[in-house]
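S.K.: One file: input.cif (mmCIF, C-alpha atoms and all ligand atoms).
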```
data_coords
#
loop_
_atom_site.label_atom_id
_atom_site.label_comp_id
_atom_site.auth_asym_id
_atom_site.auth_seq_id
_atom_site.Cartn_x
_atom_site.Cartn_y
_atom_site.Cartn_z
CA MET B 21 46.12 0.38 129.68
CA ALA B 22 48.30 -2.19 127.87
CA PHE B 23 49.92 -5.19 129.47
CA VAL B 24 52.23 -7.80 128.09
CA ILE B 25 50.42 -11.08 127.50
CA SER B 26 52.30 -13.59 129.59
CA LEU B 27 53.74 -16.52 127.74
CA PHE B 28 56.65 -16.94 130.14
CA GLN B 29 55.32 -19.96 131.85
CA GLU B 30 53.37 -22.97 130.59
CA PRO B 31 50.03 -23.10 132.39
CA GLU B 32 49.68 -26.22 134.47
CA PRO B 33 46.34 -27.87 135.14
CA SER B 34 46.04 -29.25 138.62
CA LEU B 35 43.51 -31.73 139.95
CA ALA B 36 41.90 -30.53 143.19
CA LYS B 37 40.70 -32.97 145.83
CA ASP B 38 37.18 -33.36 144.29
CA ASN B 39 38.33 -33.78 140.65
CA LEU B 40 37.94 -30.10 139.91
CA THR B 41 40.51 -29.36 137.22
CA VAL B 42 42.02 -25.96 137.68
CA LEU B 43 44.42 -24.21 135.38
CA TYR B 44 46.91 -21.98 137.23
CA ARG B 45 48.34 -19.36 134.92
CA PRO B 46 49.85 -15.88 134.96
CA PHE B 47 47.72 -12.80 134.33
CA HIS B 48 46.38 -12.26 130.80
CA ASN B 49 45.51 -8.89 129.25
CA SER B 50 41.86 -9.86 129.11
CA ASP B 51 41.62 -10.68 132.84
CA PRO B 52 40.79 -7.31 134.52
CA PRO B 53 36.99 -7.34 133.90
CA LYS B 54 36.80 -10.91 135.28
CA LEU B 55 39.02 -10.12 138.27
CA HIS B 56 37.02 -6.96 138.95
CA GLN B 57 33.84 -9.08 138.93
CA LEU B 58 35.47 -11.70 141.18
CA TRP B 59 36.44 -8.95 143.66
CA HIS B 60 32.76 -8.03 143.93
CA GLN B 61 31.62 -11.65 144.34
CA CYS B 62 34.05 -12.69 147.05
CA ALA B 63 32.55 -10.84 150.07
CA LEU B 64 35.90 -9.30 150.97
CA GLY B 65 34.61 -7.73 154.16
CA PRO B 66 34.04 -4.20 155.47
CA ASN B 67 37.54 -2.98 154.63
CA ALA B 68 37.35 -3.63 150.89
CA ALA B 69 35.99 -0.90 148.62
CA GLU B 70 33.22 -1.95 146.25
CA GLY B 71 31.19 -0.35 143.50
CA PHE B 72 34.20 1.07 141.64
CA SER B 73 34.86 0.60 137.92
CA CYS B 74 37.17 -1.86 136.21
CA ASP B 75 39.48 1.05 135.28
CA VAL B 76 39.90 1.78 138.98
CA PHE B 77 40.71 -1.87 139.62
CA GLU B 78 43.39 -1.77 136.91
CA LEU B 79 44.83 1.46 138.30
CA PHE B 80 45.23 0.13 141.83
CA ALA B 81 46.07 -3.49 141.00
CA CYS B 82 48.08 -3.44 137.79
CA SER B 83 49.54 -0.01 136.95
CA GLN B 84 52.48 0.21 139.36
CA PRO B 85 55.94 0.48 137.74
CA TYR B 86 56.98 -2.86 139.31
CA TRP B 87 53.82 -4.66 138.15
CA ASP B 88 54.75 -8.16 136.96
CA PRO B 89 52.08 -10.33 135.28
CA ARG B 90 53.86 -13.43 136.63
CA GLY B 91 53.19 -12.25 140.18
CA MET B 92 49.44 -12.30 139.62
CA ILE B 93 48.46 -15.96 139.36
CA VAL B 94 44.95 -16.76 138.21
CA ALA B 95 43.08 -20.00 138.92
CA GLN B 96 40.65 -20.93 136.14
CA ASP B 97 38.20 -23.83 136.08
CA GLU B 98 39.15 -25.84 132.99
CA VAL B 99 35.62 -27.08 132.33
CA SER B 100 33.56 -23.89 132.69
CA GLY B 101 36.35 -21.40 132.02
CA ARG B 102 35.28 -19.47 135.12
CA ILE B 103 37.87 -17.64 137.19
CA ALA B 104 38.04 -19.50 140.53
CA GLY B 105 40.43 -17.12 142.26
CA PHE B 106 43.71 -15.27 142.10
CA VAL B 107 46.72 -14.46 144.22
CA HIS B 108 48.89 -11.38 143.83
CA ALA B 109 52.48 -11.51 145.02
CA GLY B 110 54.82 -8.54 145.32
CA PHE B 111 57.73 -7.16 147.30
CA ALA B 112 58.22 -4.81 150.23
CA PRO B 113 60.24 -1.60 149.77
CA ASN B 114 63.92 -1.25 150.62
CA ALA B 115 65.02 0.66 153.72
CA ASP B 116 65.00 4.15 152.16
CA GLN B 117 61.84 3.40 150.15
CA SER B 118 63.58 4.16 146.86
CA GLY B 119 62.91 0.74 145.31
CA LEU B 120 61.87 -2.83 146.07
CA ASP B 121 63.67 -5.26 148.36
CA HIS B 122 63.35 -8.55 146.50
CA SER B 123 64.36 -10.54 149.57
CA LYS B 124 61.07 -9.53 151.23
CA GLY B 125 58.11 -11.12 149.49
CA THR B 126 54.50 -10.23 150.19
CA ILE B 127 51.16 -11.77 149.33
CA CYS B 128 49.22 -8.60 148.55
CA GLY B 129 45.90 -10.08 147.47
CA LEU B 130 44.24 -13.49 147.59
CA MET B 131 40.67 -14.49 146.88
CA VAL B 132 38.74 -17.59 145.88
CA HIS B 133 35.17 -17.43 144.55
CA PRO B 134 32.70 -18.84 147.13
CA ASP B 135 31.73 -21.65 144.67
CA PHE B 136 35.32 -22.92 144.68
CA ARG B 137 36.19 -22.66 148.37
CA ARG B 138 37.43 -25.58 150.53
CA ARG B 139 38.74 -27.30 147.39
CA LYS B 140 42.41 -26.36 147.93
CA VAL B 141 42.40 -23.61 145.30
CA GLY B 142 43.54 -21.02 147.88
CA SER B 143 46.32 -23.32 149.11
CA GLU B 144 47.60 -23.95 145.59
CA LEU B 145 47.55 -20.22 144.80
CA VAL B 146 49.63 -19.49 147.90
CA ARG B 147 52.09 -22.27 147.01
CA ARG B 148 52.52 -20.83 143.51
CA ALA B 149 52.87 -17.29 144.84
CA GLU B 150 55.67 -18.54 147.11
CA ASP B 151 57.37 -20.24 144.12
CA TYR B 152 57.21 -16.96 142.19
CA LEU B 153 58.62 -14.98 145.12
CA ARG B 154 61.40 -17.51 145.68
CA SER B 155 62.33 -17.38 141.98
CA LYS B 156 62.80 -13.61 142.31
CA GLY B 157 65.05 -13.91 145.38
CA ALA B 158 62.61 -13.68 148.30
CA LYS B 159 63.81 -15.15 151.59
CA SER B 160 60.59 -14.56 153.48
CA VAL B 161 56.97 -13.78 152.79
CA VAL B 162 54.38 -11.72 154.66
CA ALA B 163 50.84 -12.67 153.73
CA GLY B 164 48.74 -9.52 153.92
CA GLY B 165 51.65 -7.19 153.21
CA GLY B 166 52.12 -5.44 156.56
CA PRO B 167 51.87 -1.77 157.56
CA GLU B 168 52.94 0.43 154.64
CA GLN B 169 54.46 -2.65 152.96
CA ASN B 170 51.75 -3.71 150.52
CA ALA B 171 52.72 -2.93 146.94
CA PHE B 172 49.18 -3.01 145.47
CA TYR B 173 45.57 -2.10 146.34
CA THR B 174 46.28 1.10 148.34
CA GLY B 175 43.04 3.03 147.91
CA ILE B 176 40.70 0.06 147.47
CA TYR B 177 41.59 -2.36 150.27
CA GLY B 178 42.17 -2.02 154.00
CA GLY B 179 40.91 1.59 154.22
CA LEU B 180 43.83 3.97 154.66
CA ASP B 181 46.39 1.25 153.96
CA PRO B 182 46.12 -2.40 152.83
CA SER B 183 48.32 -3.29 155.78
CA GLY B 184 46.84 -6.76 156.28
CA PHE B 185 43.89 -9.01 155.48
CA CYS B 186 40.53 -8.08 156.96
CA MET B 187 39.81 -10.31 159.98
CA LYS B 188 36.10 -10.44 159.20
CA SER B 189 36.35 -11.70 155.61
CA ALA B 190 37.87 -15.16 156.09
CA THR B 191 39.14 -17.66 158.60
CA TRP B 192 42.65 -16.46 157.86
CA PRO B 193 44.39 -18.05 160.90
CA GLN B 194 43.10 -21.55 160.08
CA PHE B 195 43.94 -21.03 156.42
CA PHE B 196 47.52 -19.75 156.76
CA GLN B 197 48.46 -21.88 159.74
CA SER B 198 47.33 -24.96 157.78
CA PHE B 199 50.51 -24.62 155.71
CA GLY B 200 53.04 -23.39 158.19
CA TYR B 201 52.68 -19.60 158.52
CA ASN B 202 53.36 -18.35 162.04
CA GLU B 203 51.14 -16.58 164.56
CA PRO B 204 49.20 -13.65 163.07
CA LYS B 205 50.18 -10.05 163.75
CA GLU B 206 47.41 -7.48 164.10
CA ILE B 207 47.08 -3.92 162.88
CA LEU B 208 44.35 -1.93 164.62
CA ILE B 209 41.99 0.28 162.65
CA LEU B 210 40.88 3.24 164.74
CA ARG B 211 38.07 5.48 163.60
CA ARG B 212 36.47 8.64 164.82
CA ASP B 213 32.88 9.38 163.91
CA LEU B 214 32.99 13.13 163.32
CA VAL B 215 29.22 13.49 163.37
CA ARG B 216 28.52 11.85 166.73
CA SER B 217 31.66 12.50 168.78
CA LYS B 218 32.40 15.79 170.51
CA ASP B 219 35.83 17.43 170.81
CA PRO B 220 37.40 17.31 174.27
CA VAL B 221 37.85 20.78 175.82
CA ASN B 222 40.63 21.81 178.21
CA ALA B 223 42.70 24.89 179.00
CA LYS B 224 45.80 23.60 177.21
CA LEU B 225 43.90 23.02 173.96
CA LEU B 226 42.33 26.49 174.14
CA ARG B 227 45.78 28.04 174.72
CA HIS B 228 47.19 26.15 171.71
CA ARG B 229 44.36 27.45 169.51
CA ARG B 230 45.35 31.01 170.43
CA HIS B 231 49.09 30.54 169.92
CA LEU B 232 49.23 28.23 166.90
CA ASN B 233 48.34 28.55 163.22
CA LEU B 234 47.23 25.64 161.07
CA VAL B 235 48.95 25.59 157.68
CA ILE B 236 47.60 23.27 154.98
CA THR B 237 49.48 22.36 151.81
CA ASP B 238 48.75 20.01 148.92
CA ARG B 239 52.44 19.75 147.96
CA PRO B 240 53.97 16.46 149.07
CA THR B 241 57.17 17.28 150.94
CA ASN B 242 60.12 14.91 150.82
CA GLU B 243 57.92 11.93 150.06
CA SER B 244 59.65 8.75 148.88
CA TRP B 245 59.23 6.82 145.64
CA TRP B 246 57.24 4.24 147.62
CA TRP B 247 54.85 6.97 148.78
CA PHE B 248 54.24 8.13 145.21
CA VAL B 249 53.61 4.66 143.79
CA ARG B 250 51.12 3.88 146.58
CA TYR B 251 49.44 7.18 147.45
CA GLY B 252 50.17 9.16 144.29
CA HIS B 253 46.74 8.50 142.74
CA LEU B 254 44.83 9.58 145.85
CA ASP B 255 44.04 13.01 147.26
CA SER B 256 46.43 14.02 150.00
CA LEU B 257 47.08 17.09 152.14
CA ARG B 258 49.74 17.97 154.67
CA PHE B 259 48.78 19.78 157.88
CA GLU B 260 51.25 21.70 160.05
CA LEU B 261 50.82 23.55 163.31
CA HIS B 262 53.06 26.66 163.32
CA GLU B 263 53.90 28.70 166.39
CA LYS B 264 52.64 32.24 165.82
CA GLY B 265 55.58 34.66 165.62
CA THR B 266 58.44 32.16 165.24
CA GLU B 267 56.69 30.00 162.60
CA ASN B 268 58.35 26.92 164.17
CA ILE B 269 56.54 23.74 163.16
CA VAL B 270 55.43 22.01 166.37
CA ALA B 271 53.38 19.19 164.79
CA SER B 272 52.66 17.83 161.32
CA GLY B 273 50.53 15.13 159.74
CA GLN B 274 49.08 13.96 156.48
CA ILE B 275 45.63 13.00 155.28
CA ILE B 276 44.76 10.63 152.44
CA GLY B 277 41.35 10.73 150.75
CA MET B 278 39.34 7.51 150.84
CA ASP B 279 36.56 8.48 148.42
CA LEU B 280 36.58 5.07 146.71
CA TYR B 281 34.91 3.68 149.85
CA ILE B 282 31.88 5.99 149.52
CA PRO B 283 29.75 3.47 147.56
CA LYS B 284 30.40 0.83 150.23
CA TRP B 285 30.25 2.91 153.43
CA GLY B 286 27.90 5.65 152.27
CA VAL B 287 30.01 8.36 153.93
CA ARG B 288 33.09 10.42 153.10
CA SER B 289 36.12 9.20 155.02
CA VAL B 290 39.73 10.25 155.27
CA GLY B 291 42.84 8.51 156.62
CA ILE B 292 45.36 10.25 158.88
CA ARG B 293 48.99 9.19 158.89
CA GLU B 294 52.48 10.35 159.81
CA ILE B 295 51.54 12.43 162.84
CA TYR B 296 54.88 13.81 163.97
CA VAL B 297 56.05 16.19 166.70
CA PRO B 298 59.77 17.20 166.80
CA GLU B 299 61.53 15.72 169.85
CA SER B 300 62.01 19.12 171.53
CA GLN B 301 58.28 19.88 171.29
CA ARG B 302 56.91 16.65 172.77
CA ARG B 303 54.60 16.33 175.82
CA HIS B 304 52.96 19.72 175.24
CA GLY B 305 49.74 18.38 173.70
CA TYR B 306 50.62 19.54 170.17
CA ALA B 307 49.81 16.19 168.53
CA GLN B 308 46.38 16.14 170.15
CA ALA B 309 45.80 19.76 169.13
CA LEU B 310 46.76 18.90 165.53
CA LEU B 311 44.55 15.79 165.38
CA LEU B 312 41.56 17.71 166.72
CA GLU B 313 42.18 20.62 164.35
CA ILE B 314 42.39 18.25 161.36
CA CYS B 315 39.11 16.61 162.47
CA ARG B 316 37.42 20.01 162.84
CA ARG B 317 38.49 21.08 159.33
CA LEU B 318 37.44 17.76 157.78
CA LYS B 319 34.04 17.92 159.45
CA GLY B 320 33.58 21.30 157.77
CA GLU B 321 34.25 19.54 154.43
CA SER B 322 31.47 16.96 155.04
CA VAL B 323 33.88 14.18 156.00
CA GLU B 324 32.12 11.91 158.50
CA VAL B 325 34.75 9.34 159.41
CA VAL B 326 38.46 9.67 160.10
CA GLU B 327 40.69 6.60 160.25
CA ALA B 328 44.18 5.74 161.48
CA HIS B 329 46.11 2.44 161.49
CA VAL B 330 48.11 1.67 164.61
CA LEU B 331 50.19 -1.29 165.80
CA PRO B 332 48.77 -2.75 169.04
CA ASP B 333 52.04 -2.13 170.93
CA ASP B 334 52.30 1.54 169.91
CA LYS B 335 51.02 2.84 173.24
CA VAL B 336 51.89 6.49 172.55
CA ILE B 337 49.81 6.69 169.36
CA LEU B 338 47.00 4.63 170.91
CA ASP B 339 46.80 7.02 173.88
CA LEU B 340 46.86 10.00 171.54
CA CYS B 341 44.03 8.59 169.39
CA ASN B 342 42.08 7.79 172.53
CA LEU B 343 42.38 11.41 173.70
CA ALA B 344 41.19 12.56 170.28
CA LYS B 345 38.10 10.29 170.54
CA PHE B 346 39.19 7.56 168.12
CA GLU B 347 38.02 3.99 168.84
CA VAL B 348 39.25 0.61 167.65
CA THR B 349 36.69 -0.56 165.10
CA ASP B 350 38.48 -3.30 163.18
CA ARG B 351 41.62 -5.32 162.80
CA LEU B 352 43.78 -6.40 159.86
CA ILE B 353 46.13 -9.38 160.10
CA THR B 354 49.35 -10.59 158.54
CA PHE B 355 51.18 -13.93 158.65
CA HIS B 356 54.89 -14.50 158.20
CA ARG B 357 56.90 -17.39 156.84
CA LEU B 358 60.55 -17.96 155.92
CA LEU B 359 60.90 -19.37 152.42
C1 LIG N 1 40.72 -17.56 152.53
C2 LIG N 1 40.38 -18.19 151.16
C3 LIG N 1 41.36 -17.62 150.12
C4 LIG N 1 40.56 -19.71 151.28
O1 LIG N 1 40.45 -20.27 149.98
P1 LIG N 1 40.06 -21.85 149.80
O2 LIG N 1 40.35 -22.20 148.40
O3 LIG N 1 38.68 -22.07 150.30
O4 LIG N 1 41.09 -22.55 150.81
P2 LIG N 1 41.57 -24.09 150.81
O5 LIG N 1 40.51 -24.98 150.29
O6 LIG N 1 42.88 -24.15 150.11
O7 LIG N 1 41.78 -24.32 152.39
C5 LIG N 1 42.95 -24.88 152.93
C6 LIG N 1 42.77 -25.10 154.41
O8 LIG N 1 42.59 -23.84 155.08
C7 LIG N 1 41.64 -24.00 156.16
N1 LIG N 1 40.40 -23.27 155.84
C8 LIG N 1 40.10 -22.64 154.69
N2 LIG N 1 38.86 -22.07 154.78
C9 LIG N 1 38.39 -22.38 156.00
C10 LIG N 1 37.18 -22.09 156.68
N3 LIG N 1 36.20 -21.36 156.10
N4 LIG N 1 37.03 -22.54 157.95
C11 LIG N 1 38.00 -23.26 158.56
N5 LIG N 1 39.18 -23.57 157.95
C12 LIG N 1 39.37 -23.13 156.69
C13 LIG N 1 41.35 -25.50 156.24
O9 LIG N 1 42.33 -26.08 157.07
C14 LIG N 1 41.55 -25.92 154.78
O10 LIG N 1 41.81 -27.32 154.64
P3 LIG N 1 40.57 -28.38 154.62
O11 LIG N 1 39.55 -27.86 153.66
O12 LIG N 1 41.22 -29.65 154.16
O13 LIG N 1 40.06 -28.42 156.04
C15 LIG N 1 38.90 -17.90 150.79
O14 LIG N 1 38.05 -18.22 151.88
C16 LIG N 1 38.62 -16.46 150.39
O15 LIG N 1 38.83 -16.09 149.22
N6 LIG N 1 38.14 -15.61 151.30
C17 LIG N 1 37.98 -14.16 151.05
C18 LIG N 1 39.35 -13.59 150.74
C19 LIG N 1 39.51 -12.10 150.99
O16 LIG N 1 38.81 -11.47 151.75
N7 LIG N 1 40.51 -11.54 150.33
C20 LIG N 1 40.81 -10.14 150.50
C21 LIG N 1 42.27 -9.91 150.46
S1 LIG N 1 42.76 -9.28 148.91
#
```
Spell out the structure here as structure tokens.
Ligand SMILES: CC(C)(COP(=O)(O)OP(=O)(O)OC[C@H]1O[C@@H](n2cnc3c(N)ncnc32)[C@H](O)[C@@H]1OP(=O)(O)O)[C@@H](O)C(=O)NCCC(=O)NCCS

M.R.:
Amino acid sequence: MAFVISLFQEPEPSLAKDNLTVLYRPFHNSDPPKLHQLWHQCALGPNAAEGFSCDVFELFACSQPYWDPRGMIVAQDEVSGRIAGFVHAGFAPNADQSGLDHSKGTICGLMVHPDFRRRKVGSELVRRAEDYLRSKGAKSVVAGGGPEQNAFYTGIYGGLDPSGFCMKSATWPQFFQSFGYNEPKEILILRRDLVRSKDPVNAKLLRHRRHLNLVITDRPTNESWWWFVRYGHLDSLRFELHEKGTENIVASGQIIGMDLYIPKWGVRSVGIREIYVPESQRRHGYAQALLLEICRRLKGESVEVVEAHVLPDDKVILDLCNLAKFEVTDRLITFHRLL
């Protein structure tokens, strides 16, 4: 994969508080192997994939059509030449997900090697990411990206979606609040262990199994540009429950393969998103029937864990996941700031 070597901006050395001299510079073509190594040295927590190749890192971090080497700022120790950390800034999509909204900046990735922590490298990277975002027209920034808003790392960070930073990997609140970001917002990760949990049984579910057909397709239907740039490299399937006879669709949903997490988690896992029941068909238990049917099929394909991301105030989806035996296992967080 070829990238433009960035000469746009003079690198600036900066003296950290303990006389560490760090060069902050845009991405160079030769960086991916070092950034890939840094990723594996930073203990990014349970929601970061590990054990993948450098090609995979490049695919998920640097191959998007809006990739800008100036948005990936690398901190390099001037004396040893070691990479101390990097930050990756990007933009959220516009309302119809057909392009980027440059007024909405995001900090999509941030990591500092353990040897360089508590020496203000992280703070300086965030400051420079904000400068980059401001220079491109951003009015606000969400550190962590936000649900379905993160432009990079779908497939290798966060599980189903890199919708925020993993709570367990860093003291994010202390870090971001130390330079003026507001209260964190949480995204819940719910998982169902398909091996240990048992399907609920009731008369309504049995009736649905008799009257509904499950239709599975691998053709993305009406997906947006934003969907293709984020999920296009991953396996995906669409599931629909059709009423026998009329063929009306009473519920639909999508699954995204998470095979890049196998080396880390040791099991096959799949993310479920976009569960939808048409307004006229609601409160009949179709969403639950669909979720359980998807789980049953995935179990037959040796998938052991199914994951969904839900906002804490989305009571309807939380109740639905609860009925389908999902449990909250983790949390991702984001922080917001006006620029
Ligand atoms: C979060 C992280 C980037 C911080 O980098 P850093 O260079 O150590 O941060 P700084 O030195 O700039 O810290 C600035 C302030 O944040 C707060 N802070 C940072 N780390 C802290 C910690 N471990 N405990 C408490 N406060 C902390 C402090 O207020 C600190 O100021 P102080 O040292 O004067 O007290 C780093 O810990 C890291 O890389 N963690 C893993 C990142 C990760 O999981 N990334 C995945 C997303 S892609």

S.K.: Throw together the list of residues within 7 Å of ligand LIG 1 (chain N), counting all atoms listed in the file, and drop it here as a PyMOL selection string.

M.R.: chain B and resi 62-65+128-133+136-144+185-186+189-192+194-196+198

S.K.: Grab the CA of Asp75 in chain B to CA of Ala149 in chain B distance for me, in Å with one decimal place.

M.R.: 24.6 Å

S.K.: Pick from B:Leu358, B:Ala271, B:Val323, B:Leu312: nearest to Asn342 in chain B, with all atoms listed in the file counted?

M.R.: B:Leu312

S.K.: Quick one: distance from CA of Ser322 in chain B to CA of Pro220 in chain B in Å, one decimal?

M.R.: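 Result for CA of Ser322 in chain B versus CA of Pro220 in chain B: 20.1 Å, one decimal.
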
S.K.: Counting only C-alpha atoms, which residues come within 8 Å of (37.8, 10.1, 156.2), with the point read in the file's coordinates, and could you list them as a list of chain:residue names?

M.R.: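 Protein and nucleic acid residues near the point are B:Ile276, B:Gly277, B:Met278, B:Arg288, B:Ser289, B:Val290, B:Gly291, B:Leu318, B:Val323, B:Glu324, B:Val325, B:Val326, B:Glu327.
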
S.K.: Between B:Ile314, B:Val76, B:Val146, B:Val270, which residue has the minimum interatomic distance to Arg302 in chain B, considering all atoms listed in the file?

M.R.: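 Answer, going by the shortest atom-to-atom distance: B:Val270.
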
S.K.: Just want the 9 Å neighbourhood of Glu98 in chain B, counted on all atoms listed in the file, with same-chain residues fewer than 5 positions away dropped. Output as an MDAnalysis selection string.

M.R.: chainID B and resid 33 40:43

S.K.: Hey, can you check how far CA of Lys188 in chain B sits from CA of Glu150 in chain B?

M.R.: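 We find that CA of Lys188 in chain B and CA of Glu150 in chain B lie 24.4 Å from each other.
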
S.K.: For a quick check of understanding, using only C-alpha atoms, which of B:Asp121, B:His304, B:Pro46, B:Cys74 has the smallest distance to Asp88 in chain B?

M.R.: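 Smallest separation from Asp88 in chain B among the options: B:Pro46.
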
S.K.: Could you give me, as a VMD selection string, the residues that have an atom at most 12 Å away from the point (54.9, 22.5, 174.3) in the coordinates of the file, using only C-alpha atoms?

M.R.: chain B and resid 224 to 225 227 to 228 231 to 232 261 to 263 268 to 271 297 to 309

S.K.: From the list B:Lys264, B:Arg239, B:Arg212, B:His329, which residue is nearest Ala344 in chain B when using only C-alpha atoms?

M.R.: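 Using only C-alpha atoms, the shortest distance to Ala344 in chain B belongs to B:Arg212.
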
S.K.: Considering only C-alpha atoms, can you say which of B:Tyr44, B:Trp87, B:Tyr173, B:Trp247 comes closest to Phe106 in chain B?

M.R.: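 The shortest atom-to-atom distance to Phe106 in chain B comes from B:Tyr44.
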
S.K.: Can you tell me which residues surround range 241-245 of chain B at a distance of at most 9 Å, considering all atoms listed in the file, apart from same-chain residues fewer than 5 positions away, and format the answer as number ranges by chain?

M.R.: B: 116-119, 250, 258

S.K.: For range 171-183 of chain B, supply N, CA, C and O atoms and report the output as a compact mmCIF listing (two decimals), in the frame of the given file.

M.R.:
```txt
# COMPACT_ATOMS: atom_id res chain seq x y z
N ALA B 171 52.38 -3.62 148.19
CA ALA B 171 52.72 -2.93 146.94
C ALA B 171 51.51 -2.58 146.08
O ALA B 171 51.61 -1.75 145.17
N PHE B 172 50.37 -3.22 146.32
CA PHE B 172 49.18 -3.01 145.47
C PHE B 172 47.96 -2.74 146.34
O PHE B 172 47.97 -3.00 147.54
N TYR B 173 46.91 -2.25 145.72
CA TYR B 173 45.57 -2.10 146.34
C TYR B 173 45.44 -0.95 147.34
O TYR B 173 44.40 -0.84 147.98
N THR B 174 46.47 -0.09 147.49
CA THR B 174 46.28 1.10 148.34
C THR B 174 45.17 1.93 147.70
O THR B 174 45.25 2.24 146.51
N GLY B 175 44.15 2.25 148.46
CA GLY B 175 43.04 3.03 147.91
C GLY B 175 41.77 2.22 147.77
O GLY B 175 40.68 2.77 147.77
N ILE B 176 41.92 0.87 147.61
CA ILE B 176 40.70 0.06 147.47
C ILE B 176 40.62 -1.09 148.47
O ILE B 176 39.64 -1.81 148.51
N TYR B 177 41.67 -1.28 149.28
CA TYR B 177 41.59 -2.36 150.27
C TYR B 177 42.21 -1.91 151.59
O TYR B 177 43.24 -1.23 151.60
N GLY B 178 41.59 -2.28 152.68
CA GLY B 178 42.17 -2.02 154.00
C GLY B 178 41.82 -0.65 154.56
O GLY B 178 42.18 -0.34 155.68
N GLY B 179 41.16 0.21 153.76
CA GLY B 179 40.91 1.59 154.22
C GLY B 179 42.11 2.44 153.88
O GLY B 179 42.57 2.47 152.74
N LEU B 180 42.67 3.11 154.89
CA LEU B 180 43.83 3.97 154.66
C LEU B 180 44.99 3.22 154.00
O LEU B 180 45.66 3.74 153.12
N ASP B 181 45.22 1.99 154.43
CA ASP B 181 46.39 1.25 153.96
C ASP B 181 46.05 -0.24 153.93
O ASP B 181 45.49 -0.75 154.89
N PRO B 182 46.39 -0.96 152.84
CA PRO B 182 46.12 -2.40 152.83
C PRO B 182 47.18 -3.13 153.65
O PRO B 182 47.95 -3.94 153.16
N SER B 183 47.21 -2.82 154.94
CA SER B 183 48.32 -3.29 155.78
C SER B 183 48.15 -4.72 156.25
O SER B 183 49.00 -5.25 156.95
```
